[in-house]
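A short write-up of the structure that comes next.
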Amino acid sequence: MRKRIAFITVNVEKLYQTSLIEALSRQSAALGYDLVVLTHFVNFDNETEHLKGDENIYTLIKQLSLDGAVIDLGSFYSRSLSKKLEDMLCEKGIPVIALDYVSDRFESCLQNNRENFRQLTEHFIKVHGFKKIYCLSGPEKIIHSDQRIEGYRDALTENGIPFRQDYIFYGDFWVNYAKDFAARIAKGEIERPEAIVCGNDFMALQLCLSLAENGINVPDDIAVGGYDGTPDVSSYQPSLTTFGNAFRENGIEAICRLHELISGEAPTQSIEVRPAVKTGASCGCKANTSGDAAISEKMFARDMSMGIFMHSNYSSMMNNVKNMEECAIVLAQNAYLMDFCSDFFLCLCDDEESTNSGYTKKMLCRIAYSNGKSDITPRKFSLDTLIPQQELSDEPAAYICTPLHYLDRNFGYCVRRYRETVVFEQYYGEFCQVAANSIERIRMLDYEKSLNEKIQRLSERDILTGLFSRKGLISRTDTLSPEQRYYGVIYCIEGAEQLRGQYGSEYVRQIIVSFAQAVNLSCARGELAARTGSEEFIIIGKCDDSDFPEQLFVNALKSNLKMTEAQQNVSILAKLRRLSAVTDSSTAPTDMIAQLEERLEATRSSAGDRSSAYLAKIRELRYNVYEEPQIEWTAETASAKIGISTSYFQHLYRQFLDISFNADVISARLALAERLLASTSLSVSEIAEKCGYPDASHFMKLFRKKKGRTASEYRKAKDNSSDSQTSA
């Protein structure tokens, strides 16, 4: 790859910054370097989630191959970010030039503010004959303010005008002080001068406007001069007399000095820029419009493009995309919104890798808009190349990299490439953010789809055993071939209610889980196995040519159950009731399942079991209660599920199960509490909440009453028992 210089800055939508980048790029290209600009959009000093996502772009300092860097910390408002950037550059171990600020860590490259400001002040003295000239500088005790004041003093001294300290005013390099300064002059609080030279253009322009608002004409009453020559204020009236091109000259010098640090050789070629006083109407001169045509053209083009963007359907189109393919198509359709002089690349992090900060080693180029043509073919590339290798320019170019994120969720980055003129639309940040919002919406749609599929899969599985649920079994049997014959076997573990009352719910759960494990081991020929009720299981398998096609499975299950009984010291076989059925040409597997369940219920009735049309429903309800005891179970809602009155439901529940419904709910909750106390480190209060008791004190009283000891004593006894077994 070609050698690279990084330029780290912010506010690149300003013409001042694009003009500076253009100068840096031209000088870099002349010395054989690509210029990689790393920048973000939200220039505030806060810690919002969005700003964290924006600032992620600077992790490219660590990740990209760079030969040197120029850092423009004066453009950053966040001091914490400034320190992070300096730290990253120090760790990178590459030559760094601090552009127009004093650094104790890097070599600094400062504008010749003293000489430039001397020339500006001298223009007001020699050309216009002013002697009472004020200097409105920046904040006190910073080098840029001090140098400008020294230049102002030099001009006065050289022209025989006494320097007066009370003619020096310290501003803010912004507009607030200038407004107040103009008002104080108008009120007579500050004696009116002949002219005022300002430390930058923004203060000077605001001073002109505020003086006019207060009835003071510029330049007839007071002449005003600015400094920097920023093109961003060139369209305002009165046109500003300023000192221009010094920032471009300084940028070029920074690249040349960086090249010398990188290569050890003096630069062979330097782009020529001539800083000078640029006259305007604010000092009383006839405005010098040479060079304004190019700036005016840029501003006109920017205003026109803003109008096109505002009336485009881009945002609405992006709001309707449902996947990344559609997103890339819409981006390609709207690439015309970016200046034709530039190329555009949208690069996403590789989903196969994960990263908490920064970018993945492999990136995915989702759209490349180059030379007026769009390519939406997804292409993986190495992060080192910034964009796909085949897209790299044959000639040195400038690459402006901006973040692509939603709040602090990092998606990737966008790259603009320029070979000559640098044009950065005012709405480009919004263009990228709309794309990021759409990517986040696509991510959420994908997540919702995945979550729904997961919920669907979970609903088709029995939570306790891992076998299919009845819903899952029906779903699978619906897809079985109608040409194939199938057998079905239904098993029921009898007497579970009595076992719960005698040994507790945990004992019954152990039997159910053990039986399910044996069933799973016995499904060696592709059988479908499901837990269809609290103690009911159904197995579906393909028929062979034998008279009893289920026999192979039945024999395998018996063998596995005997082994389970021996290992776990439980009795299961004696408690099983089994029925079998086989499909024929008129019976589908789902019909066979219903027939098996009906036959089981009829068999129970004929065997003198506590028969009732509601028995199966009450058993299923009890199964649900013990699976999720933390739910707010009431006799009213339970009876409504079954479709009978509350009093009749309570009567049947006690008749069938030898326990009241409310007492059974308490029993189920305390059984869950025992499991959580024995197997987790949750606090008693947390366990109370998970068992459906928001009032922990009520839970603790209830537990002690029912179990004969406190929850803490129960946990301690279980812990001691576990330790004893471990020691043994």
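Residue names in the structure tokens use chain letters A, B, ... in the order shown, residue numbers from 1 in each chain, and ligand numbers from 1 in the order shown.
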Problem - Shell of 9 Å around segment 383-386 of chain A, only C-alpha atoms, local chain residues under 2 positions omitted, as a ChimeraX atom specification - result: /A:1,63-65,347,359-363,381,388-389,392,415
Practice task
Select from segment 50-212 of chain A everything DSSP, run on the backbone, classes as strand (DSSP E), then give the selection as a ChimeraX atom specification.
Solution key: /A:68-71,96-99,107-109,133-137,168-170,195-198
Keeping N, CA and C atoms, export the residues of the selection given above as a PDB file, in the first residue's frame.
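Done, and the output landed in part04.pdb:
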ATOM      1  N   GLY A  68       2.402   8.393   9.727  1.00  0.00           N
ATOM      2  CA  GLY A  68       2.521   9.618  10.512  1.00  0.00           C
ATOM      3  C   GLY A  68       1.145  10.238  10.660  1.00  0.00           C
ATOM      4  N   ALA A  69       1.057  11.284  11.494  1.00  0.00           N
ATOM      5  CA  ALA A  69      -0.244  11.907  11.743  1.00  0.00           C
ATOM      6  C   ALA A  69      -0.084  13.389  12.017  1.00  0.00           C
ATOM      7  N   VAL A  70      -1.088  14.148  11.594  1.00  0.00           N
ATOM      8  CA  VAL A  70      -1.237  15.558  11.958  1.00  0.00           C
ATOM      9  C   VAL A  70      -2.518  15.647  12.770  1.00  0.00           C
ATOM     10  N   ILE A  71      -2.445  16.231  13.957  1.00  0.00           N
ATOM     11  CA  ILE A  71      -3.632  16.311  14.806  1.00  0.00           C
ATOM     12  C   ILE A  71      -3.996  17.760  15.070  1.00  0.00           C
ATOM     13  N   VAL A  96       4.283  12.522  14.864  1.00  0.00           N
ATOM     14  CA  VAL A  96       3.048  13.298  14.951  1.00  0.00           C
ATOM     15  C   VAL A  96       3.388  14.782  14.973  1.00  0.00           C
ATOM     16  N   ILE A  97       2.607  15.552  14.247  1.00  0.00           N
ATOM     17  CA  ILE A  97       2.720  17.014  14.272  1.00  0.00           C
ATOM     18  C   ILE A  97       1.444  17.582  14.871  1.00  0.00           C
ATOM     19  N   ALA A  98       1.583  18.423  15.885  1.00  0.00           N
ATOM     20  CA  ALA A  98       0.449  19.119  16.486  1.00  0.00           C
ATOM     21  C   ALA A  98       0.207  20.391  15.679  1.00  0.00           C
ATOM     22  N   LEU A  99      -0.949  20.450  15.008  1.00  0.00           N
ATOM     23  CA  LEU A  99      -1.236  21.560  14.101  1.00  0.00           C
ATOM     24  C   LEU A  99      -1.803  22.759  14.845  1.00  0.00           C
ATOM     25  N   GLU A 107       5.794  17.430  18.308  1.00  0.00           N
ATOM     26  CA  GLU A 107       6.343  18.651  17.701  1.00  0.00           C
ATOM     27  C   GLU A 107       5.185  19.511  17.214  1.00  0.00           C
ATOM     28  N   SER A 108       5.239  20.810  17.519  1.00  0.00           N
ATOM     29  CA  SER A 108       4.152  21.714  17.139  1.00  0.00           C
ATOM     30  C   SER A 108       4.495  22.476  15.871  1.00  0.00           C
ATOM     31  N   CYS A 109       3.457  22.765  15.089  1.00  0.00           N
ATOM     32  CA  CYS A 109       3.606  23.588  13.883  1.00  0.00           C
ATOM     33  C   CYS A 109       2.578  24.715  13.978  1.00  0.00           C
ATOM     34  N   ILE A 133      -6.476  52.499  17.390  1.00  0.00           N
ATOM     35  CA  ILE A 133      -6.881  51.154  16.964  1.00  0.00           C
ATOM     36  C   ILE A 133      -6.934  50.243  18.189  1.00  0.00           C
ATOM     37  N   TYR A 134      -8.076  49.602  18.372  1.00  0.00           N
ATOM     38  CA  TYR A 134      -8.198  48.613  19.446  1.00  0.00           C
ATOM     39  C   TYR A 134      -7.843  47.227  18.907  1.00  0.00           C
ATOM     40  N   CYS A 135      -7.412  46.361  19.821  1.00  0.00           N
ATOM     41  CA  CYS A 135      -7.137  44.960  19.476  1.00  0.00           C
ATOM     42  C   CYS A 135      -8.082  44.074  20.297  1.00  0.00           C
ATOM     43  N   LEU A 136      -8.973  43.375  19.602  1.00  0.00           N
ATOM     44  CA  LEU A 136      -9.871  42.410  20.252  1.00  0.00           C
ATOM     45  C   LEU A 136      -9.291  41.015  20.012  1.00  0.00           C
ATOM     46  N   SER A 137      -8.574  40.517  21.016  1.00  0.00           N
ATOM     47  CA  SER A 137      -7.882  39.233  20.879  1.00  0.00           C
ATOM     48  C   SER A 137      -8.743  38.104  21.436  1.00  0.00           C
ATOM     49  N   ILE A 168      -6.218  46.944  24.596  1.00  0.00           N
ATOM     50  CA  ILE A 168      -6.256  45.489  24.402  1.00  0.00           C
ATOM     51  C   ILE A 168      -7.489  44.932  25.108  1.00  0.00           C
ATOM     52  N   PHE A 169      -8.277  44.138  24.378  1.00  0.00           N
ATOM     53  CA  PHE A 169      -9.468  43.499  24.938  1.00  0.00           C
ATOM     54  C   PHE A 169      -9.399  41.993  24.651  1.00  0.00           C
ATOM     55  N   TYR A 170      -9.685  41.206  25.673  1.00  0.00           N
ATOM     56  CA  TYR A 170      -9.612  39.745  25.529  1.00  0.00           C
ATOM     57  C   TYR A 170     -11.012  39.186  25.292  1.00  0.00           C
ATOM     58  N   ALA A 195     -10.668  52.209  14.672  1.00  0.00           N
ATOM     59  CA  ALA A 195     -10.676  50.875  14.067  1.00  0.00           C
ATOM     60  C   ALA A 195     -10.478  49.816  15.149  1.00  0.00           C
ATOM     61  N   ILE A 196     -10.903  48.591  14.819  1.00  0.00           N
ATOM     62  CA  ILE A 196     -10.709  47.442  15.723  1.00  0.00           C
ATOM     63  C   ILE A 196     -10.201  46.269  14.890  1.00  0.00           C
ATOM     64  N   VAL A 197      -9.044  45.707  15.278  1.00  0.00           N
ATOM     65  CA  VAL A 197      -8.554  44.493  14.610  1.00  0.00           C
ATOM     66  C   VAL A 197      -8.866  43.315  15.538  1.00  0.00           C
ATOM     67  N   CYS A 198      -9.490  42.288  14.983  1.00  0.00           N
ATOM     68  CA  CYS A 198      -9.993  41.161  15.783  1.00  0.00           C
ATOM     69  C   CYS A 198      -9.144  39.912  15.561  1.00  0.00           C
TER      70      CYS A 198
END
Exercise for the section: Fewer than 3 positions away in the same chain doesn't count, so skip those; otherwise give me all residues within 9 Å of segment 504-514 of chain A, counting only C-alpha atoms, as a list in words. Expected result: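 Within the cut-off, the hits are Leu464, Thr465, Ile493, Ala496, Glu497, Leu499, Arg500, Gly501, Gln517, Ala518, Val519, Ser534, Glu535, Leu561, Thr564, Glu565, Gln568, Val570, Ser571, Ile572, Tyr626, Ser667, Ala668, Ala671 and Arg675 of chain A.
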Practice task
Write out as a PyMOL selection string each polymer residue whose atoms come within 8 Å of Asn159 of chain A, counting only C-alpha atoms; drop sequence neighbours fewer than 3 positions from it.
Solution key: chain A and resi 125+155-156
Practice task
Between A:Ile185, A:Met203, A:Ile252, A:Ala602, single out the one closest to Ala29 of chain A, counting only C-alpha atoms.
Solution key: A:Ile252
Exercise for the section: Determine, counting only C-alpha atoms, which protein, DNA and RNA residues have an atom within 7 Å of an atom of segment 21-27 of chain A; residues of the same chain fewer than 3 positions away are not included. Present the result as a PyMOL selection string. Expected result: chain A and resi 17-18+30-31+35+248+251-252+255+270-271+397-398+421-422
Skipping near chain neighbours, those fewer than 2 positions away, what residues fall within 9 Å of Phe243 of chain A using only C-alpha atoms, listed as a PDB file with N, CA, C and O atoms, in the first residue's frame?
ATOM      1  N   ASN A 116       1.817  37.823  10.799  1.00  0.00           N
ATOM      2  CA  ASN A 116       0.578  37.984  10.030  1.00  0.00           C
ATOM      3  C   ASN A 116      -0.312  39.073  10.631  1.00  0.00           C
ATOM      4  O   ASN A 116      -0.886  39.895   9.902  1.00  0.00           O
ATOM      5  N   PHE A 117      -0.410  39.092  11.949  1.00  0.00           N
ATOM      6  CA  PHE A 117      -1.256  40.092  12.595  1.00  0.00           C
ATOM      7  C   PHE A 117      -0.609  41.477  12.508  1.00  0.00           C
ATOM      8  O   PHE A 117      -1.310  42.497  12.484  1.00  0.00           O
ATOM      9  N   GLN A 119       1.016  42.505   9.882  1.00  0.00           N
ATOM     10  CA  GLN A 119       0.660  42.980   8.541  1.00  0.00           C
ATOM     11  C   GLN A 119      -0.786  43.463   8.496  1.00  0.00           C
ATOM     12  O   GLN A 119      -1.100  44.475   7.849  1.00  0.00           O
ATOM     13  N   LEU A 120      -1.680  42.754   9.158  1.00  0.00           N
ATOM     14  CA  LEU A 120      -3.089  43.162   9.180  1.00  0.00           C
ATOM     15  C   LEU A 120      -3.233  44.534   9.839  1.00  0.00           C
ATOM     16  O   LEU A 120      -3.896  45.433   9.298  1.00  0.00           O
ATOM     17  N   GLY A 225     -11.350  44.778  11.249  1.00  0.00           N
ATOM     18  CA  GLY A 225     -10.564  43.770  10.531  1.00  0.00           C
ATOM     19  C   GLY A 225     -10.646  42.428  11.231  1.00  0.00           C
ATOM     20  O   GLY A 225     -10.781  42.355  12.449  1.00  0.00           O
ATOM     21  N   GLY A 226     -10.574  41.342  10.454  1.00  0.00           N
ATOM     22  CA  GLY A 226     -10.610  39.985  11.012  1.00  0.00           C
ATOM     23  C   GLY A 226      -9.298  39.268  10.764  1.00  0.00           C
ATOM     24  O   GLY A 226      -8.311  39.865  10.312  1.00  0.00           O
ATOM     25  N   TYR A 227      -9.287  37.981  11.089  1.00  0.00           N
ATOM     26  CA  TYR A 227      -8.062  37.198  10.929  1.00  0.00           C
ATOM     27  C   TYR A 227      -8.450  35.739  10.693  1.00  0.00           C
ATOM     28  O   TYR A 227      -9.366  35.229  11.335  1.00  0.00           O
ATOM     29  N   ASP A 228      -7.778  35.078   9.790  1.00  0.00           N
ATOM     30  CA  ASP A 228      -7.929  33.664   9.392  1.00  0.00           C
ATOM     31  C   ASP A 228      -8.291  33.521   7.925  1.00  0.00           C
ATOM     32  O   ASP A 228      -7.899  32.553   7.281  1.00  0.00           O
ATOM     33  N   GLY A 229      -9.112  34.478   7.430  1.00  0.00           N
ATOM     34  CA  GLY A 229      -9.525  34.365   6.033  1.00  0.00           C
ATOM     35  C   GLY A 229     -10.423  33.166   5.812  1.00  0.00           C
ATOM     36  O   GLY A 229     -10.368  32.521   4.764  1.00  0.00           O
ATOM     37  N   THR A 241     -12.368  42.609   5.764  1.00  0.00           N
ATOM     38  CA  THR A 241     -10.916  42.689   5.575  1.00  0.00           C
ATOM     39  C   THR A 241     -10.280  41.748   6.588  1.00  0.00           C
ATOM     40  O   THR A 241     -10.557  41.825   7.789  1.00  0.00           O
ATOM     41  N   ASN A 245      -5.214  32.684   4.166  1.00  0.00           N
ATOM     42  CA  ASN A 245      -4.347  31.608   3.664  1.00  0.00           C
ATOM     43  C   ASN A 245      -3.239  31.184   4.622  1.00  0.00           C
ATOM     44  O   ASN A 245      -2.463  30.282   4.309  1.00  0.00           O
ATOM     45  N   ALA A 246      -3.161  31.816   5.793  1.00  0.00           N
ATOM     46  CA  ALA A 246      -2.105  31.417   6.733  1.00  0.00           C
ATOM     47  C   ALA A 246      -2.341  29.990   7.227  1.00  0.00           C
ATOM     48  O   ALA A 246      -1.395  29.228   7.444  1.00  0.00           O
ATOM     49  N   PRO A 275       0.099  33.690   1.961  1.00  0.00           N
ATOM     50  CA  PRO A 275      -0.743  34.399   2.937  1.00  0.00           C
ATOM     51  C   PRO A 275      -0.627  35.909   2.731  1.00  0.00           C
ATOM     52  O   PRO A 275       0.466  36.415   2.450  1.00  0.00           O
ATOM     53  N   ALA A 276      -1.729  36.616   2.884  1.00  0.00           N
ATOM     54  CA  ALA A 276      -1.696  38.073   2.692  1.00  0.00           C
ATOM     55  C   ALA A 276      -2.979  38.683   3.224  1.00  0.00           C
ATOM     56  O   ALA A 276      -3.959  37.979   3.486  1.00  0.00           O
ATOM     57  N   VAL A 277      -2.918  40.018   3.391  1.00  0.00           N
ATOM     58  CA  VAL A 277      -4.129  40.744   3.772  1.00  0.00           C
ATOM     59  C   VAL A 277      -5.095  40.714   2.596  1.00  0.00           C
ATOM     60  O   VAL A 277      -4.725  41.014   1.457  1.00  0.00           O
ATOM     61  N   LYS A 278      -6.325  40.318   2.873  1.00  0.00           N
ATOM     62  CA  LYS A 278      -7.373  40.295   1.844  1.00  0.00           C
ATOM     63  C   LYS A 278      -8.355  41.415   2.191  1.00  0.00           C
ATOM     64  O   LYS A 278      -8.995  41.387   3.238  1.00  0.00           O
ATOM     65  N   THR A 279      -8.422  42.422   1.335  1.00  0.00           N
ATOM     66  CA  THR A 279      -9.230  43.597   1.661  1.00  0.00           C
ATOM     67  C   THR A 279     -10.700  43.372   1.378  1.00  0.00           C
ATOM     68  O   THR A 279     -11.091  42.661   0.453  1.00  0.00           O
TER      69      THR A 279
END
Problem - Given only C-alpha atoms as the counted atoms, nearest of A:His50, A:Lys690, A:Lys558, A:Lys705 to Leu573 of chain A - result: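 Checking each candidate against Leu573 of chain A, we get A:Lys558 as the closest.
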Exercise for the section: Give me, please, the distance in Å between atom CA of Ile642 of chain A and atom CA of Glu689 of chain A, quoted to one decimal. Expected result: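 Interatomic distance here is 27.6 Å.
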Handout entry: Contacts of segment 427-433 of chain A within 9 Å, only C-alpha atoms, excl. fewer than 4 positions in-chain, as an MDAnalysis selection string
Key = chainID A and resid 13 40:41 305:306 309 314:315 337:338 402:406 414 437:438
Handout entry: Residue among A:Lys131, A:Lys449, A:Arg366, A:Arg257 lying closest to Ala328 of chain A, counting only C-alpha atoms
Key =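 Ranked by minimum distance to Ala328 of chain A, first place goes to A:Arg366.
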Handout entry: Residue with smallest distance to Asn323 of chain A - pool A:Ile442, A:Leu81, A:Val489, A:Ala6, counting only C-alpha atoms
Key =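 Of the candidates, the smallest distance to Asn323 of chain A is held by A:Ile442.
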Practice task
Pick out the closest residue to Leu579 of chain A from this set: A:Lys52, A:Arg654, A:Lys542, A:Cys492. Count only C-alpha atoms.
Solution key: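 Once distances to Leu579 of chain A are computed over only C-alpha atoms, the minimum belongs to A:Cys492.
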Exercise for the section: Go ahead and compute the interatomic distance for atom CA of Thr39 of chain A and atom CA of Ile57 of chain A, in Å to one decimal. Expected result: 7.0 Å
